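K.L.:
Coordinates in coords_33.pdb, PDB, C-alpha atoms, are listed below.
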```
ATOM      1  CA  MET Z   1     -15.387  19.708   3.014
ATOM      2  CA  PRO Z   2     -11.850  18.855   4.208
ATOM      3  CA  GLN Z   3     -10.321  15.663   2.892
ATOM      4  CA  THR Z   4      -9.203  13.154   5.508
ATOM      5  CA  VAL Z   5      -5.637  11.959   5.175
ATOM      6  CA  PRO Z   6      -5.427   8.185   4.618
ATOM      7  CA  LYS Z   7      -3.580   6.239   7.308
ATOM      8  CA  VAL Z   8      -1.590   3.051   6.806
ATOM      9  CA  GLY Z   9      -0.660   0.665   9.601
ATOM     10  CA  PHE Z  10       2.620  -1.198   9.255
ATOM     11  CA  VAL Z  11       4.073  -4.398  10.722
ATOM     12  CA  SER Z  12       7.719  -5.199   9.962
ATOM     13  CA  LEU Z  13       9.074  -8.684  10.653
ATOM     14  CA  GLY Z  14      12.348 -10.377   9.798
ATOM     15  CA  CYS Z  15      15.966  -9.580   9.146
ATOM     16  CA  PRO Z  16      17.781  -6.280   8.477
ATOM     17  CA  LYS Z  17      17.128  -6.699   4.731
ATOM     18  CA  ALA Z  18      13.392  -6.756   5.447
ATOM     19  CA  LEU Z  19      13.834  -3.741   7.705
ATOM     20  CA  VAL Z  20      15.404  -1.812   4.812
ATOM     21  CA  ASP Z  21      12.418  -2.770   2.622
ATOM     22  CA  SER Z  22      10.081  -1.556   5.375
ATOM     23  CA  GLU Z  23      11.943   1.740   5.606
ATOM     24  CA  ARG Z  24      11.688   2.237   1.844
ATOM     25  CA  ILE Z  25       7.957   1.506   1.813
ATOM     26  CA  LEU Z  26       7.310   3.768   4.806
ATOM     27  CA  THR Z  27       9.374   6.548   3.215
ATOM     28  CA  GLN Z  28       7.389   6.275  -0.026
ATOM     29  CA  LEU Z  29       4.086   6.254   1.866
ATOM     30  CA  ARG Z  30       5.031   9.423   3.745
ATOM     31  CA  ALA Z  31       6.378  11.083   0.579
ATOM     32  CA  GLU Z  32       3.001  10.499  -1.070
ATOM     33  CA  GLY Z  33       1.076  12.049   1.808
ATOM     34  CA  TYR Z  34      -0.096   8.963   3.719
ATOM     35  CA  LEU Z  35       0.102   9.008   7.502
ATOM     36  CA  ILE Z  36       1.414   6.020   9.441
ATOM     37  CA  ALA Z  37      -1.073   4.752  12.023
ATOM     38  CA  PRO Z  38       0.313   3.393  15.309
ATOM     39  CA  ARG Z  39      -2.663   1.052  15.910
ATOM     40  CA  TYR Z  40      -4.762  -1.222  13.706
ATOM     41  CA  ALA Z  41      -7.942   0.605  14.688
ATOM     42  CA  ASP Z  42      -6.518   3.922  13.430
ATOM     43  CA  ALA Z  43      -5.453   2.562  10.023
ATOM     44  CA  ASP Z  44      -7.407   2.505   6.773
ATOM     45  CA  LEU Z  45      -5.345  -0.531   5.786
ATOM     46  CA  VAL Z  46      -2.304  -2.423   7.078
ATOM     47  CA  VAL Z  47       0.882  -3.525   5.315
ATOM     48  CA  VAL Z  48       2.601  -6.578   6.814
ATOM     49  CA  ASN Z  49       6.222  -7.122   5.750
ATOM     50  CA  THR Z  50       6.819 -10.822   6.412
ATOM     51  CA  CYS Z  51       9.686 -13.215   6.980
ATOM     52  CA  GLY Z  52       9.703 -16.695   5.515
ATOM     53  CA  PHE Z  53      13.174 -17.949   6.361
ATOM     54  CA  ILE Z  54      12.448 -20.699   8.907
ATOM     55  CA  ASP Z  55       9.279 -22.437  10.083
ATOM     56  CA  SER Z  56       8.952 -20.349  13.245
ATOM     57  CA  ALA Z  57       9.277 -17.140  11.196
ATOM     58  CA  ILE Z  58       6.606 -18.383   8.782
ATOM     59  CA  ASP Z  59       4.297 -19.107  11.728
ATOM     60  CA  GLU Z  60       4.991 -15.653  13.213
ATOM     61  CA  SER Z  61       4.273 -13.985   9.865
ATOM     62  CA  LEU Z  62       1.032 -15.888   9.315
ATOM     63  CA  ASP Z  63      -0.042 -15.038  12.883
ATOM     64  CA  ALA Z  64       0.741 -11.344  12.305
ATOM     65  CA  ILE Z  65      -1.290 -11.363   9.070
ATOM     66  CA  GLY Z  66      -4.180 -13.047  10.877
ATOM     67  CA  GLU Z  67      -4.049 -10.517  13.709
ATOM     68  CA  ALA Z  68      -4.027  -7.596  11.258
ATOM     69  CA  LEU Z  69      -6.993  -9.100   9.399
ATOM     70  CA  THR Z  70      -8.909  -9.615  12.636
ATOM     71  CA  GLU Z  71      -8.156  -6.131  13.971
ATOM     72  CA  ASN Z  72      -8.390  -4.167  10.712
ATOM     73  CA  GLY Z  73      -9.652  -6.383   7.871
ATOM     74  CA  ARG Z  74      -7.727  -4.674   5.059
ATOM     75  CA  VAL Z  75      -4.221  -6.136   4.707
ATOM     76  CA  ILE Z  76      -1.485  -6.042   2.060
ATOM     77  CA  VAL Z  77       1.290  -8.622   2.518
ATOM     78  CA  THR Z  78       4.853  -8.208   1.281
ATOM     79  CA  GLY Z  79       8.235  -9.744   2.036
ATOM     80  CA  CYS Z  80       9.884 -13.135   1.866
ATOM     81  CA  LEU Z  81       6.801 -15.139   2.818
ATOM     82  CA  GLY Z  82       4.923 -13.501  -0.057
ATOM     83  CA  ALA Z  83       7.485 -14.959  -2.447
ATOM     84  CA  LYS Z  84       6.922 -18.532  -1.183
ATOM     85  CA  GLY Z  85       4.096 -19.593  -3.434
ATOM     86  CA  ASP Z  86       0.496 -19.345  -2.346
ATOM     87  CA  ILE Z  87       0.975 -20.030   1.376
ATOM     88  CA  VAL Z  88      -0.362 -16.586   2.336
ATOM     89  CA  ARG Z  89      -3.415 -16.820   0.061
ATOM     90  CA  GLN Z  90      -4.138 -20.395   1.190
ATOM     91  CA  THR Z  91      -4.004 -19.421   4.863
ATOM     92  CA  HIS Z  92      -5.553 -15.954   4.563
ATOM     93  CA  PRO Z  93      -7.485 -15.683   1.269
ATOM     94  CA  GLN Z  94      -9.002 -12.341   2.266
ATOM     95  CA  VAL Z  95      -5.737 -10.341   2.017
ATOM     96  CA  LEU Z  96      -5.919  -7.522  -0.530
ATOM     97  CA  ALA Z  97      -2.569  -8.217  -2.225
ATOM     98  CA  VAL Z  98       0.596 -10.291  -1.826
ATOM     99  CA  THR Z  99       4.056  -9.290  -3.087
ATOM    100  CA  GLY Z 100       7.556 -10.593  -2.559
ATOM    101  CA  PRO Z 101      10.588  -8.885  -1.035
ATOM    102  CA  HIS Z 102      12.194  -5.771  -2.572
ATOM    103  CA  ALA Z 103       8.838  -4.868  -4.153
ATOM    104  CA  THR Z 104       8.246  -1.283  -3.047
ATOM    105  CA  GLU Z 105       6.595  -0.379  -6.368
ATOM    106  CA  ASP Z 106       4.248  -3.385  -6.193
ATOM    107  CA  VAL Z 107       3.291  -2.545  -2.613
ATOM    108  CA  MET Z 108       2.605   1.064  -3.576
ATOM    109  CA  ARG Z 109       0.450  -0.050  -6.529
ATOM    110  CA  ALA Z 110      -1.577  -2.206  -4.141
ATOM    111  CA  VAL Z 111      -1.903   0.649  -1.643
ATOM    112  CA  HIS Z 112      -3.029   3.023  -4.430
ATOM    113  CA  ALA Z 113      -5.596   0.460  -5.634
ATOM    114  CA  HIS Z 114      -7.162   0.054  -2.189
ATOM    115  CA  LEU Z 115      -6.482   3.458  -0.602
ATOM    116  CA  PRO Z 116      -6.088   6.241  -3.174
ATOM    117  CA  GLN Z 117      -3.268   8.685  -2.681
ATOM    118  CA  PRO Z 118      -4.350  11.968  -1.092
ATOM    119  CA  HIS Z 119      -4.218  15.079  -3.273
ATOM    120  CA  ASP Z 120      -2.479  18.040  -1.696
ATOM    121  CA  PRO Z 121      -2.919  21.170  -3.828
ATOM    122  CA  TYR Z 122       0.179  22.690  -2.229
ATOM    123  CA  THR Z 123       2.573  19.841  -2.990
ATOM    124  CA  SER Z 124       1.003  17.673  -5.701
ATOM    125  CA  LEU Z 125       2.346  18.656  -9.095
ATOM    126  CA  ILE Z 126      -0.488  17.129 -11.104
ATOM    127  CA  PRO Z 127      -4.075  18.192 -10.466
ATOM    128  CA  PRO Z 128      -6.541  15.338  -9.821
ATOM    129  CA  GLN Z 129      -8.181  15.820 -13.245
ATOM    130  CA  GLY Z 130      -4.794  15.816 -15.018
ATOM    131  CA  VAL Z 131      -3.433  18.516 -17.328
ATOM    132  CA  LYS Z 132      -5.982  19.633 -19.942
ATOM    133  CA  LEU Z 133      -5.268  21.638 -23.088
ATOM    134  CA  THR Z 134      -8.925  22.248 -23.907
ATOM    135  CA  PRO Z 135     -11.384  24.644 -22.267
ATOM    136  CA  ARG Z 136     -13.119  23.370 -19.108
ATOM    137  CA  HIS Z 137     -16.354  22.607 -20.963
ATOM    138  CA  TYR Z 138     -14.630  20.652 -23.741
ATOM    139  CA  ALA Z 139     -12.569  17.458 -23.976
ATOM    140  CA  TYR Z 140     -11.563  14.852 -26.541
ATOM    141  CA  LEU Z 141     -12.099  11.153 -26.050
ATOM    142  CA  LYS Z 142      -9.666   8.902 -27.917
ATOM    143  CA  ILE Z 143     -11.382   5.737 -29.158
ATOM    144  CA  ALA Z 144      -8.680   4.473 -31.556
ATOM    145  CA  GLU Z 145      -4.995   4.854 -32.304
ATOM    146  CA  GLY Z 146      -3.692   6.118 -35.685
TER     147      GLY Z 146
END
```
For the structure just supplied, provide its representation as structure tokens.
P.N.:
Amino acid sequence: MPQTVPKVGFVSLGCPKALVDSERILTQLRAEGYLIAPRYADADLVVVNTCGFIDSAIDESLDAIGEALTENGRVIVTGCLGAKGDIVRQTHPQVLAVTGPHATEDVMRAVHAHLPQPHDPYTSLIPPQGVKLTPRHYAYLKIAEG
């Protein structure tokens, strides 16, 4: 049975610094085999890169998060607003994860937790079961160190 390729929606708000963060996240998503969905309805989850510089930007970011939650329901928030305390979680407690700016690795960890990375046998270097040194019918289970 063919595996469906996971799709991530993306909303990028804010200044050129936030745009660079968005580009890095999108590049990493594509490098790992995720597709970028153009509409909420086509996405398996949505990443919203927020701005939190001035009150109107905070309002715009919170509105964008709310829209993504309404339209898709599975949202990861990153960016400057994510770094401003618990404002995102207080306003939208149902978001999957919240990170601050310049947090590509944290965003990718959240994506992996909620939408596992697709395995492509032609490009993935590690098989899904990992590298085994024992025969297929045999494996060790480590229960202690030393």
K.L.:
What residues come out when you apply the PyMOL selection byres ((chain Z and resi 112) around 12) to this file, written as a list in words?
P.N.:
Pro6, Val8, Gln28, Leu29, Glu32, Gly33, Tyr34, Leu45, Ile76, Leu96, Ala97, Glu105, Asp106, Val107, Met108, Arg109, Ala110, Val111, Ala113, His114, Leu115, Pro116, Gln117 and Pro118 of chain Z
K.L.:
Written as a short mmCIF file (atom, residue, chain, number, x, y, z; two decimals) with C-alpha atoms, keeping the file's coordinate frame, which residues does the PyMOL selection byres ((chain Z and resi 62) around 9) give for the file shown?
P.N.:
```
data_model
loop_
_atom_site.label_atom_id
_atom_site.label_comp_id
_atom_site.auth_asym_id
_atom_site.auth_seq_id
_atom_site.Cartn_x
_atom_site.Cartn_y
_atom_site.Cartn_z
CA THR Z 50 6.82 -10.82 6.41
CA ALA Z 57 9.28 -17.14 11.20
CA ILE Z 58 6.61 -18.38 8.78
CA ASP Z 59 4.30 -19.11 11.73
CA GLU Z 60 4.99 -15.65 13.21
CA SER Z 61 4.27 -13.98 9.86
CA ASP Z 63 -0.04 -15.04 12.88
CA ALA Z 64 0.74 -11.34 12.30
CA ILE Z 65 -1.29 -11.36 9.07
CA GLY Z 66 -4.18 -13.05 10.88
CA GLU Z 67 -4.05 -10.52 13.71
CA LEU Z 81 6.80 -15.14 2.82
CA ILE Z 87 0.98 -20.03 1.38
CA VAL Z 88 -0.36 -16.59 2.34
CA THR Z 91 -4.00 -19.42 4.86
CA HIS Z 92 -5.55 -15.95 4.56
#
```
K.L.:
Which residue out of Z:Leu26, Z:Ser12, Z:Asp86, Z:Gly79 has the minimum interatomic distance to His102 (chain Z) when only C-alpha atoms are used?
P.N.:
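Looking only at the distances to His102 (chain Z), the closest residue turns out to be Z:Gly79.
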K.L.:
Got a sec: who's within 9 Å of Val46 (chain Z), counting only C-alpha atoms, leaving out chain neighbours fewer than 3 positions off, as a list in words?
P.N.:
Lys7, Val8, Gly9, Phe10, Val11, Ala37, Tyr40, Ala43, Ala68, Leu69, Asn72, Gly73, Arg74, Val75, Ile76 and Val77 of chain Z
K.L.:
Let me have the centre and edge lengths of the axis-aligned box enclosing all listed atoms of region 44-47 of chain Z with 4 Å padding on every side, in Å to one decimal, as AutoDock Vina command-line options.
P.N.:
```
--center_x -3.3 --center_y -0.5 --center_z 6.2 --size_x 16.3 --size_y 14.0 --size_z 9.8
```
K.L.:
Which polymer residues, protein or nucleic acid, are no farther than 12 Å from (17.4, -7.7, 7.1), counting only C-alpha atoms, as a compact mmCIF listing (two decimals) with C-alpha atoms, in the coordinates of the input?
P.N.:
```txt
# COMPACT_ATOMS: atom_id res chain seq x y z
CA SER Z 12 7.72 -5.20 9.96
CA LEU Z 13 9.07 -8.68 10.65
CA GLY Z 14 12.35 -10.38 9.80
CA CYS Z 15 15.97 -9.58 9.15
CA PRO Z 16 17.78 -6.28 8.48
CA LYS Z 17 17.13 -6.70 4.73
CA ALA Z 18 13.39 -6.76 5.45
CA LEU Z 19 13.83 -3.74 7.70
CA VAL Z 20 15.40 -1.81 4.81
CA ASP Z 21 12.42 -2.77 2.62
CA SER Z 22 10.08 -1.56 5.38
CA GLU Z 23 11.94 1.74 5.61
CA ASN Z 49 6.22 -7.12 5.75
CA THR Z 50 6.82 -10.82 6.41
CA CYS Z 51 9.69 -13.22 6.98
CA GLY Z 52 9.70 -16.70 5.52
CA PHE Z 53 13.17 -17.95 6.36
CA GLY Z 79 8.24 -9.74 2.04
CA CYS Z 80 9.88 -13.14 1.87
CA PRO Z 101 10.59 -8.88 -1.03
CA HIS Z 102 12.19 -5.77 -2.57
```
K.L.:
Could you check how far CA of Leu35 (chain Z) sits from CA of His119 (chain Z), in Å to one decimal?
P.N.:
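Pair CA of Leu35 (chain Z) / CA of His119 (chain Z) returns 13.1 Å.
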K.L.:
Using only C-alpha atoms, which residue out of Z:Gln94, Z:Thr27, Z:Thr70, Z:Thr134 lies closest to Ala41 (chain Z)?
P.N.:
Z:Thr70
